[in-house]
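Trainee: Here it is: the structure, laid out below.
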Amino acid sequence: MPLKMATQRAERHASVDEILELSFEQRERSRFRAELLGGEEIGVDLPNGALLRQGDRLLLDDGRVIAIEAAAETLMEVRARNAVQLTRIAYHVGNRHVPMQVGAG
């Protein structure tokens with residue numbers, strides 16, 4: 001059986017037929033194979049630079065709509081005593097190209 005492909009987005013309000021749970025790293029890629037929650041393997045081939053977010057929809061070549069869900073991931077919270085320490089931490093984390101979020105305080 002040929003691999004079903006998702007090559008374009010569907011409207012965010014489109015009725016969902018299947019769910020695809022992806023980690024942040026997977027949602028950054030534009031071309032990959034993945035397994036739907038129902039167990040079916042599909043291919044995704046979107047334009048370069050496409051970033052998938054929680055709630056996005058993809059259209060499979062057979063007309064089904066796939067909802068993107070963010071997979072649960074382990075996160076680490078880091079706090080700094082002052083701006084200098086925070087800058088040093090941000091530099092080292094950024095130098096490893098690890099996604100991060102910086103908040104107030």
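Letters A, B, ... mark the chains of the structure tokens in the order given; residue numbers begin at 1 per chain; ligand numbers begin at 1, in order shown.
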Using DSSP on the backbone coordinates, identify the residues of segment 15-96 of chain A assigned to strand (DSSP E or B); present them as a VMD selection string.
Mentor: chain A and resid 18 to 22 31 to 35 41 to 45 57 to 60 65 to 70
Trainee: Output N, CA and C atoms for every residue in the selection just made, as an mmCIF file, in the first residue's frame.
Mentor:
```cif
data_model
loop_
_atom_site.group_PDB
_atom_site.id
_atom_site.type_symbol
_atom_site.label_atom_id
_atom_site.label_comp_id
_atom_site.auth_asym_id
_atom_site.auth_seq_id
_atom_site.Cartn_x
_atom_site.Cartn_y
_atom_site.Cartn_z
ATOM 1 N N GLU A 18 -7.912 12.397 11.762
ATOM 2 C CA GLU A 18 -6.833 11.671 12.444
ATOM 3 C C GLU A 18 -5.984 12.663 13.231
ATOM 4 N N ILE A 19 -5.191 12.156 14.170
ATOM 5 C CA ILE A 19 -4.321 13.003 14.988
ATOM 6 C C ILE A 19 -2.878 12.555 14.833
ATOM 7 N N LEU A 20 -1.994 13.540 14.733
ATOM 8 C CA LEU A 20 -0.562 13.294 14.640
ATOM 9 C C LEU A 20 0.120 14.035 15.779
ATOM 10 N N GLU A 21 0.715 13.279 16.695
ATOM 11 C CA GLU A 21 1.386 13.855 17.858
ATOM 12 C C GLU A 21 2.874 13.958 17.556
ATOM 13 N N LEU A 22 3.422 15.181 17.675
ATOM 14 C CA LEU A 22 4.820 15.425 17.320
ATOM 15 C C LEU A 22 5.547 16.206 18.409
ATOM 16 N N ARG A 31 9.999 17.788 6.285
ATOM 17 C CA ARG A 31 9.886 16.536 5.527
ATOM 18 C C ARG A 31 10.252 15.360 6.435
ATOM 19 N N PHE A 32 9.266 14.457 6.656
ATOM 20 C CA PHE A 32 9.510 13.335 7.557
ATOM 21 C C PHE A 32 8.404 12.294 7.418
ATOM 22 N N ARG A 33 8.641 11.121 7.997
ATOM 23 C CA ARG A 33 7.627 10.078 8.135
ATOM 24 C C ARG A 33 7.164 10.095 9.576
ATOM 25 N N ALA A 34 5.895 9.774 9.787
ATOM 26 C CA ALA A 34 5.356 9.765 11.141
ATOM 27 C C ALA A 34 4.218 8.764 11.227
ATOM 28 N N GLU A 35 3.866 8.430 12.462
ATOM 29 C CA GLU A 35 2.771 7.487 12.691
ATOM 30 C C GLU A 35 1.618 8.213 13.368
ATOM 31 N N GLU A 41 1.138 4.834 9.136
ATOM 32 C CA GLU A 41 2.311 5.639 8.817
ATOM 33 C C GLU A 41 1.991 6.556 7.640
ATOM 34 N N ILE A 42 2.415 7.814 7.746
ATOM 35 C CA ILE A 42 2.221 8.788 6.667
ATOM 36 C C ILE A 42 3.531 9.508 6.403
ATOM 37 N N GLY A 43 3.577 10.211 5.288
ATOM 38 C CA GLY A 43 4.701 11.072 4.979
ATOM 39 C C GLY A 43 4.244 12.525 5.001
ATOM 40 N N VAL A 44 5.115 13.401 5.441
ATOM 41 C CA VAL A 44 4.841 14.837 5.439
ATOM 42 C C VAL A 44 5.918 15.493 4.601
ATOM 43 N N ASP A 45 5.495 16.305 3.628
ATOM 44 C CA ASP A 45 6.428 17.004 2.740
ATOM 45 C C ASP A 45 5.891 18.418 2.517
ATOM 46 N N ARG A 57 -3.516 21.987 11.025
ATOM 47 C CA ARG A 57 -4.141 20.886 10.299
ATOM 48 C C ARG A 57 -3.368 20.641 9.008
ATOM 49 N N LEU A 58 -3.230 19.372 8.644
ATOM 50 C CA LEU A 58 -2.622 18.978 7.378
ATOM 51 C C LEU A 58 -3.644 18.209 6.566
ATOM 52 N N LEU A 59 -3.530 18.315 5.251
ATOM 53 C CA LEU A 59 -4.427 17.616 4.346
ATOM 54 C C LEU A 59 -3.681 16.468 3.690
ATOM 55 N N LEU A 60 -4.153 15.241 3.919
ATOM 56 C CA LEU A 60 -3.565 14.079 3.261
ATOM 57 C C LEU A 60 -4.041 14.018 1.816
ATOM 58 N N VAL A 65 -8.161 14.951 6.970
ATOM 59 C CA VAL A 65 -7.527 16.074 7.667
ATOM 60 C C VAL A 65 -6.861 15.547 8.938
ATOM 61 N N ILE A 66 -5.601 15.931 9.106
ATOM 62 C CA ILE A 66 -4.796 15.510 10.251
ATOM 63 C C ILE A 66 -4.605 16.697 11.184
ATOM 64 N N ALA A 67 -4.898 16.515 12.474
ATOM 65 C CA ALA A 67 -4.655 17.561 13.470
ATOM 66 C C ALA A 67 -3.285 17.333 14.102
ATOM 67 N N ILE A 68 -2.510 18.401 14.233
ATOM 68 C CA ILE A 68 -1.204 18.329 14.875
ATOM 69 C C ILE A 68 -1.375 18.599 16.361
ATOM 70 N N GLU A 69 -0.834 17.702 17.176
ATOM 71 C CA GLU A 69 -0.826 17.892 18.623
ATOM 72 C C GLU A 69 0.609 17.847 19.111
ATOM 73 N N ALA A 70 0.936 18.740 20.037
ATOM 74 C CA ALA A 70 2.270 18.771 20.621
ATOM 75 C C ALA A 70 2.412 17.619 21.605
#
```
Trainee: Would you list the contacts of His13 of chain A as a CSV table (one decimal) with C-alpha atoms, in the first residue's frame, taking every protein, DNA or RNA residue within 10 Å and counting only C-alpha atoms, but skipping same-chain residues closer than 3 positions in sequence?
Mentor:
```csv
chain,number,residue,atom,x,y,z
A,10,ALA,CA,-5.8,22.5,5.8
A,16,VAL,CA,-10.4,16.3,12.0
A,55,GLY,CA,-3.7,22.8,16.5
A,56,ASP,CA,-2.4,23.1,12.9
A,57,ARG,CA,-4.1,20.9,10.3
```
Trainee: Set the distance at 9 Å and use only C-alpha atoms: which residues neighbour Pro47 of chain A once local chain neighbours fewer than 5 positions away are removed? I'd like the list as JSON, numbers by chain.
Mentor: {"A": [7, 8, 30, 31]}
Trainee: Set the distance at 10 Å and use only C-alpha atoms: which residues neighbour segment 99-105 of chain A once local chain neighbours fewer than 3 positions away are removed? I'd like the list as a list in words.
Mentor: Phe24, Glu25, Leu75, Met76, Glu77, Val78, Arg79, Ala80, Arg81, Asn82, Ala83, Leu86, Ala90, Val93, Gly94 and Arg96 of chain A
Trainee: Write out as a ChimeraX atom specification all residues of chain A that DSSP puts in alpha helix (DSSP H) for this structure's backbone.
Mentor: /A:24-28,83-95
Trainee: Grab the residues selected above and save them as an mmCIF file, in the first residue's frame with C-alpha atoms.
Mentor:
```cif
data_model
loop_
_atom_site.group_PDB
_atom_site.id
_atom_site.type_symbol
_atom_site.label_atom_id
_atom_site.label_comp_id
_atom_site.auth_asym_id
_atom_site.auth_seq_id
_atom_site.Cartn_x
_atom_site.Cartn_y
_atom_site.Cartn_z
ATOM 1 C CA PHE A 24 8.964 20.209 19.114
ATOM 2 C CA GLU A 25 11.939 18.893 17.150
ATOM 3 C CA GLN A 26 9.651 16.980 14.775
ATOM 4 C CA ARG A 27 7.381 20.018 14.304
ATOM 5 C CA GLU A 28 10.396 22.039 13.103
ATOM 6 C CA ALA A 83 21.236 39.380 34.678
ATOM 7 C CA VAL A 84 24.923 38.473 34.265
ATOM 8 C CA GLN A 85 24.331 34.872 35.280
ATOM 9 C CA LEU A 86 21.227 34.681 33.060
ATOM 10 C CA THR A 87 23.248 36.009 30.112
ATOM 11 C CA ARG A 88 25.961 33.377 30.680
ATOM 12 C CA ILE A 89 23.355 30.571 30.886
ATOM 13 C CA ALA A 90 21.561 31.819 27.754
ATOM 14 C CA TYR A 91 24.857 31.956 25.859
ATOM 15 C CA HIS A 92 25.759 28.342 26.696
ATOM 16 C CA VAL A 93 22.275 26.972 25.976
ATOM 17 C CA GLY A 94 22.018 28.966 22.728
ATOM 18 C CA ASN A 95 25.468 27.801 21.650
#
```
